[in-house]
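Student: Attaching a single structure in structure tokens format; questions to follow.
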Amino acid sequence: MTTSETGMGLEAAKAVAADDAAHVFRGWVQQGTHMALPVAGAEGSWFWDYAGNRYLDFSSQLVYANLGHQHPRLVSAIKAQADRLCTIAPHFAEERRATAARKIAELAPEGLNRVLFTSGGAEAVEHAVRLARLHTGRFKMLAAHHSFHGATSTAIQLTGDPRRWRNDTGTAGVVRFFPPYLYRSAFYSENEEQECARALEHLEQVIVLEGARTIAAIVLEPVGGTSSGVLVPPDGYLAGVRELCDRYGIMLILDEIMVGFGRTGAWFASDHWGVRPDLMTFAKGVNSGYVPLSGVVVSDEIVETFSKTPYPGGTTYSGHALACAVAVEAIDTMGDEGVVEHAARLGREVFEPELTKMAERHPCVGEVRGIGAIWALELVKSQKTKEMYVNYDTPDRLTPQGAELMGALMQRGVNAMFYLNRLNITPPCNISEEDAREGLARIDEALTVADARVA
């Protein structure tokens, strides 16, 4: 940028920041203290501000830009659909909507052939819960600690992290259980096999003691998202949950909102273990967030329940034409460009080995977890005691140590998600190996500020 261009850019940034501060109300932050960075543009795995500072997007924004920013095929799909038909009500049949539903069903496990489209992930969870309750005639839901399912009324009360606390009325009919989490095992396990077996035993006890005939569904992230700390279940756990659901006549809802569409190196995270849910929610990566889209993939058995009686629910923008057009193109692009396989390779050959070595260098890292293009560093003040870097009862990032680490990352031109005591690494699934390694090198440098706080 020239000096004059920089000056014009800074004036534009000031205007954006002023309007934003005066008129935008944000979720999850204190309104008087949050200062938003004015963003001027983005492309691929990078975005930049009005001064020309560039940032590697190691969070895919909120873990949705699976194909990065401004992918030409997705932009072209929006333009083409806008020229043809911007919007049409959900009770009409529309080409891109029908094609998107078919493509999603073809990727989903066998027997899940219908898609109820919604606009956001939490909304999809709301409908999945309603479908399960109406299908079974039961109300109670089982949900895991260390989970996140969204910010709407039912979804937030299913959530198992501190953001639920101030929203929890205790009337949502939700009972919680402990998922496998070996690093902080609730079962005093010494290895993955013990953790898996004991977590399943615990879950069955909860089912029996709560009354299986009162439980509509178990809601579970097949791989815990960034809010829950990227908890990858041990082999056998998801299959064990499926078996318990079958044994006790309970529906299984798998929340693939954050981990679907290539994020884990498979089309859906549950594909790694071959587990079939009764209902599966999706959002985010289905079209890289270019136009809001989400939904529930519904099993044939549940569809049959509503074959002669209406489903009492729906949304104005269900299957929005622009959003579905991008979804069709995103699914085709991921297949044509080998994005799912690329994410799997990055996990095996770049993220796992490099993060493992990084953990050995930094006393602030307690554990490394992840799969494909979704990883977490669990940060601690002491590796011996596992004391959290940020306490669990501090659900925002405004602690001094949290702000310090976020500042160190942004100063080095890398945007990564930091929540509680976890630094999450979720770049676009098609990020180049060169950019992936560059981002990791910058994180390696930034972690020195966290090391300084280790006991």
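Ordering of the structure tokens sets the chain letters (A, B, ...); residue numbers start at 1 within each chain; ligands are numbered from 1 in the order shown.
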Pick out the residues sitting within 9 Å of Ala108 in chain A, and hand them over as an MDAnalysis selection string; count only C-alpha atoms, and ignore anything fewer than 4 positions along from it in its own chain.
Tutor: chainID A and resid 103:104 112:113 267:268 271 276 280 297
Student: What lies within 7 Å of range 427-434 of chain A using only C-alpha atoms, ignoring chain neighbours under 5 positions off, as number ranges by chain?
Tutor: A: 45, 57-60, 65-68, 262-263, 339, 342-343, 373
Student: Report, in Å to a single decimal, how far apart CA of Pro162 in chain A and CA of Asp393 in chain A are.
Tutor: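 Those two atoms sit 6.6 Å apart.
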Student: Can you list, as a PyMOL selection string, all residues belonging to range 342-404 of chain A that DSSP tags as helix (DSSP H, G or I)?
Tutor: chain A and resi 342-361+400-404
Student: When you look at Ile88 in chain A with a cut-off of 8 Å (counting only C-alpha atoms), what residues show up, excluding the ones that are within fewer than 4 positions of it in the same chain? I need them as a list of chain:residue names.
Tutor: A:Phe92, A:Glu94, A:His320, A:Ala321
Student: Keeping only all heavy atoms, write the selected residues to a file as an mmCIF file, in the first residue's frame.
Tutor:
data_model
loop_
_atom_site.group_PDB
_atom_site.id
_atom_site.type_symbol
_atom_site.label_atom_id
_atom_site.label_comp_id
_atom_site.auth_asym_id
_atom_site.auth_seq_id
_atom_site.Cartn_x
_atom_site.Cartn_y
_atom_site.Cartn_z
ATOM 1 N N PHE A 92 -42.334 -24.765 -2.098
ATOM 2 C CA PHE A 92 -42.122 -25.049 -3.512
ATOM 3 C C PHE A 92 -40.906 -25.943 -3.684
ATOM 4 O O PHE A 92 -40.004 -25.959 -2.845
ATOM 5 C CB PHE A 92 -41.906 -23.753 -4.295
ATOM 6 C CG PHE A 92 -43.104 -22.852 -4.340
ATOM 7 C CD1 PHE A 92 -43.159 -21.709 -3.553
ATOM 8 C CD2 PHE A 92 -44.177 -23.142 -5.170
ATOM 9 C CE1 PHE A 92 -44.259 -20.873 -3.588
ATOM 10 C CE2 PHE A 92 -45.289 -22.316 -5.216
ATOM 11 C CZ PHE A 92 -45.333 -21.177 -4.412
ATOM 12 N N GLU A 94 -37.484 -26.562 -5.600
ATOM 13 C CA GLU A 94 -36.495 -25.722 -6.278
ATOM 14 C C GLU A 94 -35.258 -26.569 -6.577
ATOM 15 O O GLU A 94 -34.834 -27.384 -5.759
ATOM 16 C CB GLU A 94 -36.148 -24.513 -5.397
ATOM 17 C CG GLU A 94 -35.381 -23.409 -6.092
ATOM 18 C CD GLU A 94 -33.879 -23.669 -6.172
ATOM 19 O OE1 GLU A 94 -33.344 -24.239 -5.195
ATOM 20 O OE2 GLU A 94 -33.264 -23.302 -7.187
ATOM 21 N N HIS A 320 -32.918 -22.218 1.663
ATOM 22 C CA HIS A 320 -32.797 -20.987 0.883
ATOM 23 C C HIS A 320 -32.014 -21.258 -0.403
ATOM 24 O O HIS A 320 -30.979 -21.916 -0.395
ATOM 25 C CB HIS A 320 -32.098 -19.908 1.711
ATOM 26 C CG HIS A 320 -32.205 -18.543 1.126
ATOM 27 N ND1 HIS A 320 -31.429 -18.133 0.063
ATOM 28 C CD2 HIS A 320 -33.018 -17.501 1.432
ATOM 29 C CE1 HIS A 320 -31.742 -16.877 -0.243
ATOM 30 N NE2 HIS A 320 -32.709 -16.476 0.575
ATOM 31 N N ALA A 321 -32.515 -20.737 -1.510
ATOM 32 C CA ALA A 321 -31.955 -21.073 -2.825
ATOM 33 C C ALA A 321 -30.480 -20.708 -2.944
ATOM 34 O O ALA A 321 -29.668 -21.489 -3.467
ATOM 35 C CB ALA A 321 -32.771 -20.367 -3.915
#
Student: Which residue, A:Pro38, A:Gly229, A:Gly150, A:Gly314, has the smallest gap to Arg184 in chain A when you use only C-alpha atoms?
Tutor: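 Between A:Pro38, A:Gly229, A:Gly150, A:Gly314, the residue approaching Arg184 in chain A most closely is A:Gly229.
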Student: Return as CSV the residues of range 218-333 of chain A lying at most 9 Å from range 125-144 of chain A, together with the closest atom-to-atom pair for each and the distance in Å to one decimal, counting only C-alpha atoms, with rows in chain order and ascending residue number.
Tutor:
residue,atom,partner,partner_atom,distance
A:Ile218,CA,A:Leu142,CA,4.7
A:Val219,CA,A:Ala143,CA,5.2
A:Leu220,CA,A:Ala143,CA,6.5
A:Glu221,CA,A:Ala144,CA,8.7
A:Gly249,CA,A:Thr136,CA,8.8
A:Ile250,CA,A:Thr136,CA,8.1
A:Met251,CA,A:Ala132,CA,6.6
A:Leu252,CA,A:Ala132,CA,8.7
A:Ile253,CA,A:Ala128,CA,7.2
A:Asp255,CA,A:Val125,CA,7.6
A:Asp278,CA,A:Ala132,CA,8.6
A:Leu279,CA,A:Ala128,CA,6.4
A:Met280,CA,A:Ala128,CA,7.6
A:Thr281,CA,A:Val125,CA,6.4
A:Phe282,CA,A:Val125,CA,8.8
A:Gly295,CA,A:Val125,CA,8.3
A:Val296,CA,A:Ala128,CA,6.3
A:Val297,CA,A:Ala128,CA,8.7
A:Val298,CA,A:Ala128,CA,8.3
A:Glu301,CA,A:His135,CA,8.9
A:Ile302,CA,A:His135,CA,6.2
A:Val303,CA,A:His135,CA,9.0
A:Thr305,CA,A:His135,CA,6.2
A:Phe306,CA,A:His135,CA,8.3
A:Tyr311,CA,A:Leu131,CA,8.0
A:Pro312,CA,A:Arg130,CA,8.9
A:Gly313,CA,A:His127,CA,7.7
A:Gly314,CA,A:His127,CA,8.5
Student: Take the residues just selected and output them with N, CA and C atoms as a CSV table (one decimal), in the first residue's frame.
Tutor:
chain,number,residue,atom,x,y,z
A,218,ILE,N,-30.3,-39.5,23.0
A,218,ILE,CA,-29.0,-39.1,23.4
A,218,ILE,C,-28.4,-38.2,22.4
A,219,VAL,N,-28.0,-37.0,22.8
A,219,VAL,CA,-27.4,-36.0,21.8
A,219,VAL,C,-25.9,-36.0,22.1
A,220,LEU,N,-25.1,-36.2,21.0
A,220,LEU,CA,-23.7,-36.3,21.2
A,220,LEU,C,-22.9,-35.8,20.0
A,221,GLU,N,-21.8,-35.1,20.2
A,221,GLU,CA,-20.9,-34.7,19.2
A,221,GLU,C,-20.0,-35.9,18.9
A,249,GLY,N,-34.2,-48.6,23.2
A,249,GLY,CA,-35.2,-48.0,22.4
A,249,GLY,C,-35.0,-46.4,22.4
A,250,ILE,N,-33.8,-45.9,22.4
A,250,ILE,CA,-33.5,-44.5,22.5
A,250,ILE,C,-33.0,-44.0,21.2
A,251,MET,N,-33.4,-42.8,20.7
A,251,MET,CA,-32.9,-42.3,19.5
A,251,MET,C,-31.4,-41.7,19.7
A,252,LEU,N,-30.6,-41.8,18.7
A,252,LEU,CA,-29.3,-41.3,18.8
A,252,LEU,C,-29.2,-40.1,17.8
A,253,ILE,N,-28.9,-38.9,18.4
A,253,ILE,CA,-28.7,-37.7,17.6
A,253,ILE,C,-27.2,-37.4,17.6
A,255,ASP,N,-24.4,-34.7,16.5
A,255,ASP,CA,-24.3,-33.3,16.2
A,255,ASP,C,-23.0,-33.2,15.4
A,278,ASP,N,-29.8,-41.8,14.3
A,278,ASP,CA,-31.2,-41.7,13.8
A,278,ASP,C,-31.5,-40.3,13.3
A,279,LEU,N,-30.8,-39.4,13.8
A,279,LEU,CA,-30.9,-38.0,13.3
A,279,LEU,C,-29.5,-37.4,13.3
A,280,MET,N,-29.1,-36.6,12.3
A,280,MET,CA,-27.8,-36.0,12.3
A,280,MET,C,-27.9,-34.5,11.9
A,281,THR,N,-27.4,-33.7,12.7
A,281,THR,CA,-27.4,-32.2,12.4
A,281,THR,C,-26.1,-31.8,11.7
A,282,PHE,N,-26.3,-30.8,10.8
A,282,PHE,CA,-25.1,-30.3,10.1
A,282,PHE,C,-25.3,-28.8,9.9
A,295,GLY,N,-29.1,-28.0,8.9
A,295,GLY,CA,-30.2,-28.9,8.7
A,295,GLY,C,-30.1,-30.1,9.5
A,296,VAL,N,-31.1,-31.0,9.4
A,296,VAL,CA,-31.2,-32.3,10.1
A,296,VAL,C,-31.4,-33.4,9.0
A,297,VAL,N,-30.5,-34.4,9.0
A,297,VAL,CA,-30.8,-35.5,8.2
A,297,VAL,C,-31.6,-36.5,9.0
A,298,VAL,N,-32.7,-37.0,8.4
A,298,VAL,CA,-33.7,-37.7,9.2
A,298,VAL,C,-33.7,-39.2,8.7
A,301,GLU,N,-37.1,-44.2,9.5
A,301,GLU,CA,-38.1,-44.6,10.5
A,301,GLU,C,-38.8,-43.4,11.1
A,302,ILE,N,-38.1,-42.3,11.3
A,302,ILE,CA,-38.7,-41.1,11.8
A,302,ILE,C,-39.5,-40.4,10.8
A,303,VAL,N,-39.1,-40.4,9.5
A,303,VAL,CA,-39.9,-39.9,8.4
A,303,VAL,C,-41.2,-40.5,8.4
A,305,THR,N,-43.0,-41.7,10.8
A,305,THR,CA,-43.9,-41.2,11.8
A,305,THR,C,-44.7,-40.0,11.3
A,306,PHE,N,-44.1,-39.2,10.4
A,306,PHE,CA,-44.8,-38.0,10.0
A,306,PHE,C,-45.4,-38.2,8.6
A,311,TYR,N,-45.5,-32.6,10.5
A,311,TYR,CA,-44.5,-32.2,11.4
A,311,TYR,C,-44.7,-30.8,11.9
A,312,PRO,N,-44.9,-30.5,13.2
A,312,PRO,CA,-45.3,-29.2,13.6
A,312,PRO,C,-44.1,-28.3,13.8
A,313,GLY,N,-43.5,-27.9,12.7
A,313,GLY,CA,-42.3,-27.0,12.7
A,313,GLY,C,-41.9,-26.7,11.3
A,314,GLY,N,-41.1,-25.6,11.2
A,314,GLY,CA,-40.6,-25.2,9.9
A,314,GLY,C,-40.0,-23.8,10.0
Student: Using CA of Arg96 in chain A and CA of Val291 in chain A as the two end points, give the distance in Å to one decimal.
Tutor: 13.6 Å
Student: Residues of range 121-338 of chain A in strand (DSSP E) according to DSSP, as a VMD selection string?
Tutor: chain A and resid 140 to 144 174 to 177 215 to 220 251 to 255 279 to 282 294 to 299
Student: Those residues you just picked out, can you put them in a file as a CSV table (one decimal), in the first residue's frame with N, CA, C and O atoms?
Tutor:
chain,number,residue,atom,x,y,z
A,140,LYS,N,-37.5,-36.6,27.8
A,140,LYS,CA,-36.2,-36.4,28.4
A,140,LYS,C,-35.0,-36.6,27.4
A,140,LYS,O,-35.1,-37.5,26.6
A,141,MET,N,-34.0,-35.8,27.5
A,141,MET,CA,-32.8,-35.9,26.7
A,141,MET,C,-31.6,-36.1,27.5
A,141,MET,O,-31.4,-35.6,28.6
A,142,LEU,N,-30.6,-36.9,27.0
A,142,LEU,CA,-29.3,-37.1,27.6
A,142,LEU,C,-28.3,-36.4,26.8
A,142,LEU,O,-28.3,-36.5,25.6
A,143,ALA,N,-27.5,-35.6,27.5
A,143,ALA,CA,-26.4,-34.8,26.8
A,143,ALA,C,-25.2,-34.8,27.6
A,143,ALA,O,-25.2,-35.1,28.9
A,144,ALA,N,-24.1,-34.6,27.0
A,144,ALA,CA,-22.8,-34.8,27.6
A,144,ALA,C,-22.2,-33.5,28.3
A,144,ALA,O,-22.5,-32.4,27.8
A,174,VAL,N,-33.3,-32.1,30.5
A,174,VAL,CA,-31.9,-32.6,30.1
A,174,VAL,C,-31.2,-33.2,31.3
A,174,VAL,O,-31.2,-32.6,32.3
A,175,VAL,N,-30.7,-34.4,31.1
A,175,VAL,CA,-29.8,-35.1,32.1
A,175,VAL,C,-28.4,-35.3,31.5
A,175,VAL,O,-28.3,-35.7,30.3
A,176,ARG,N,-27.4,-35.0,32.2
A,176,ARG,CA,-26.1,-35.0,31.7
A,176,ARG,C,-25.3,-36.2,32.1
A,176,ARG,O,-25.5,-36.8,33.2
A,177,PHE,N,-24.3,-36.6,31.2
A,177,PHE,CA,-23.4,-37.7,31.5
A,177,PHE,C,-22.0,-37.3,31.2
A,177,PHE,O,-21.8,-36.3,30.4
A,215,ILE,N,-36.7,-41.6,28.2
A,215,ILE,CA,-35.6,-40.9,27.4
A,215,ILE,C,-35.9,-40.9,25.9
A,215,ILE,O,-36.1,-42.0,25.3
A,216,ALA,N,-36.0,-39.8,25.3
A,216,ALA,CA,-36.2,-39.7,23.9
A,216,ALA,C,-35.0,-39.9,23.1
A,216,ALA,O,-35.0,-40.7,22.1
A,217,ALA,N,-33.9,-39.3,23.5
A,217,ALA,CA,-32.6,-39.4,22.7
A,217,ALA,C,-31.4,-39.1,23.5
A,217,ALA,O,-31.5,-38.4,24.5
A,218,ILE,N,-30.3,-39.5,23.0
A,218,ILE,CA,-29.0,-39.1,23.4
A,218,ILE,C,-28.4,-38.2,22.4
A,218,ILE,O,-28.4,-38.5,21.2
A,219,VAL,N,-28.0,-37.0,22.8
A,219,VAL,CA,-27.4,-36.0,21.8
A,219,VAL,C,-25.9,-36.0,22.1
A,219,VAL,O,-25.4,-35.8,23.2
A,220,LEU,N,-25.1,-36.2,21.0
A,220,LEU,CA,-23.7,-36.3,21.2
A,220,LEU,C,-22.9,-35.8,20.0
A,220,LEU,O,-23.3,-36.0,18.8
A,251,MET,N,-33.4,-42.8,20.7
A,251,MET,CA,-32.9,-42.3,19.5
A,251,MET,C,-31.4,-41.7,19.7
A,251,MET,O,-31.1,-41.3,20.8
A,252,LEU,N,-30.6,-41.8,18.7
A,252,LEU,CA,-29.3,-41.3,18.8
A,252,LEU,C,-29.2,-40.1,17.8
A,252,LEU,O,-29.4,-40.2,16.6
A,253,ILE,N,-28.9,-38.9,18.4
A,253,ILE,CA,-28.7,-37.7,17.6
A,253,ILE,C,-27.2,-37.4,17.6
A,253,ILE,O,-26.6,-37.2,18.6
A,254,LEU,N,-26.6,-37.4,16.4
A,254,LEU,CA,-25.2,-37.0,16.3
A,254,LEU,C,-25.1,-35.6,15.8
A,254,LEU,O,-25.7,-35.3,14.7
A,255,ASP,N,-24.4,-34.7,16.5
A,255,ASP,CA,-24.3,-33.3,16.2
A,255,ASP,C,-23.0,-33.2,15.4
A,255,ASP,O,-21.9,-33.2,15.9
A,279,LEU,N,-30.8,-39.4,13.8
A,279,LEU,CA,-30.9,-38.0,13.3
A,279,LEU,C,-29.5,-37.4,13.3
A,279,LEU,O,-28.7,-37.7,14.3
A,280,MET,N,-29.1,-36.6,12.3
A,280,MET,CA,-27.8,-36.0,12.3
A,280,MET,C,-27.9,-34.5,11.9
A,280,MET,O,-28.5,-34.2,10.9
A,281,THR,N,-27.4,-33.7,12.7
A,281,THR,CA,-27.4,-32.2,12.4
A,281,THR,C,-26.1,-31.8,11.7
A,281,THR,O,-25.1,-32.4,11.9
A,282,PHE,N,-26.3,-30.8,10.8
A,282,PHE,CA,-25.1,-30.3,10.1
A,282,PHE,C,-25.3,-28.8,9.9
A,282,PHE,O,-26.4,-28.2,10.1
A,294,SER,N,-28.1,-24.8,7.4
A,294,SER,CA,-27.9,-26.0,8.3
A,294,SER,C,-29.1,-26.9,8.1
A,294,SER,O,-29.9,-26.7,7.2
A,295,GLY,N,-29.1,-28.0,8.9
A,295,GLY,CA,-30.2,-28.9,8.7
A,295,GLY,C,-30.1,-30.1,9.5
A,295,GLY,O,-29.1,-30.3,10.3
A,296,VAL,N,-31.1,-31.0,9.4
A,296,VAL,CA,-31.2,-32.3,10.1
A,296,VAL,C,-31.4,-33.4,9.0
A,296,VAL,O,-32.3,-33.2,8.2
A,297,VAL,N,-30.5,-34.4,9.0
A,297,VAL,CA,-30.8,-35.5,8.2
A,297,VAL,C,-31.6,-36.5,9.0
A,297,VAL,O,-31.1,-36.9,10.1
A,298,VAL,N,-32.7,-37.0,8.4
A,298,VAL,CA,-33.7,-37.7,9.2
A,298,VAL,C,-33.7,-39.2,8.7
A,298,VAL,O,-33.8,-39.4,7.5
A,299,SER,N,-33.8,-40.1,9.6
A,299,SER,CA,-33.8,-41.5,9.3
A,299,SER,C,-35.2,-41.9,8.7
A,299,SER,O,-36.2,-41.2,9.0
Student: Which residue gives the smallest distance to Tyr317 in chain A among A:Ala100, A:Ala22, A:Ala197, A:Cys86, with only C-alpha atoms counted?
Tutor: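 Looking only at the distances to Tyr317 in chain A, the closest residue turns out to be A:Cys86.
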Student: I need the residue nearest Glu354 in chain A from this list: A:Thr264, A:Thr315, A:Trp375, A:Glu404. Use only C-alpha atoms for the distance.
Tutor: A:Trp375
Student: For a test of reading the model, state the distance in Å between CA of Thr152 in chain A and CA of Glu123 in chain A, rounded to one decimal.
Tutor: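 We find that CA of Thr152 in chain A and CA of Glu123 in chain A lie 7.0 Å from each other.
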Student: Between A:Trp48, A:Tyr188, A:Tyr55, A:Phe351, which has the minimum distance to Ile374 in chain A (counting only C-alpha atoms)?
Tutor: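 Closest residue, counting only C-alpha atoms: A:Phe351.
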Student: Can you pull out the residues contacting Lys386 in chain A? Cut-off 12 Å, using only C-alpha atoms, and skip same-chain residues under 2 positions away; I want them as a list in words.
Tutor: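 What passes the distance filter is Tyr183, Arg184, Ser185, Pro363, Cys364, Val365, Gly366, Glu367, Glu378, Leu379, Val380, Lys381, Ser382, Gln383, Lys384, Met388, Tyr389, Val390, Asn391, Asn421, Val454 and Ala455 of chain A.
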Student: In terms of the shortest atom-to-atom distance over only C-alpha atoms, which of A:Val206, A:Ala199, A:Met417, A:Ile257 is closest to Gln61 in chain A?
Tutor: A:Met417
Student: Mind checking which residues fall within 9 Å of Glu192 in chain A, counting only C-alpha atoms, ignoring those fewer than 3 positions away in the same chain, and posting them as a VMD selection string?
Tutor: chain A and resid 180 to 182 189 195 to 197 233 to 235
Student: Put those residues in a file: N, CA and C atoms, as a short mmCIF file (atom, residue, chain, number, x, y, z; two decimals), in the first residue's frame.
Tutor:
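To be explicit, this is the file written out as selection_31.cif:
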data_model
loop_
_atom_site.label_atom_id
_atom_site.label_comp_id
_atom_site.auth_asym_id
_atom_site.auth_seq_id
_atom_site.Cartn_x
_atom_site.Cartn_y
_atom_site.Cartn_z
N PRO A 180 -16.09 -39.82 27.39
CA PRO A 180 -14.68 -40.18 27.60
C PRO A 180 -13.77 -38.96 27.44
N TYR A 181 -12.86 -38.78 28.38
CA TYR A 181 -11.95 -37.63 28.41
C TYR A 181 -10.77 -38.07 29.26
N LEU A 182 -9.88 -38.85 28.68
CA LEU A 182 -8.84 -39.53 29.45
C LEU A 182 -7.95 -38.57 30.21
N SER A 189 -9.39 -43.60 34.88
CA SER A 189 -8.86 -44.55 33.91
C SER A 189 -7.38 -44.29 33.66
N GLU A 195 -11.01 -46.11 29.71
CA GLU A 195 -11.88 -44.94 29.63
C GLU A 195 -13.13 -45.25 28.81
N CYS A 196 -12.95 -45.96 27.70
CA CYS A 196 -14.09 -46.31 26.86
C CYS A 196 -15.07 -47.20 27.61
N ALA A 197 -14.56 -48.26 28.22
CA ALA A 197 -15.42 -49.21 28.92
C ALA A 197 -16.14 -48.55 30.10
N PRO A 233 -13.24 -39.53 20.52
CA PRO A 233 -13.60 -40.69 21.35
C PRO A 233 -12.69 -41.88 21.08
N PRO A 234 -12.46 -42.70 22.08
CA PRO A 234 -11.69 -43.93 21.84
C PRO A 234 -12.47 -44.88 20.95
N ASP A 235 -11.74 -45.71 20.23
CA ASP A 235 -12.38 -46.71 19.38
C ASP A 235 -13.36 -47.55 20.20
#
Student: Please list as an MDAnalysis selection string every residue within 9 Å of Phe261 in chain A, counting only C-alpha atoms and excluding residues in the same chain fewer than 4 positions away.
Tutor: chainID A and resid 66 256:257 265:269 282:287 331 334 340
Student: For Phe117 in chain A, which of A:Thr356, A:Asn415, A:Thr316, A:Thr394 is the closest residue, counting only C-alpha atoms?
Tutor: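 Counting only C-alpha atoms, the residue closest to Phe117 in chain A is A:Thr316.
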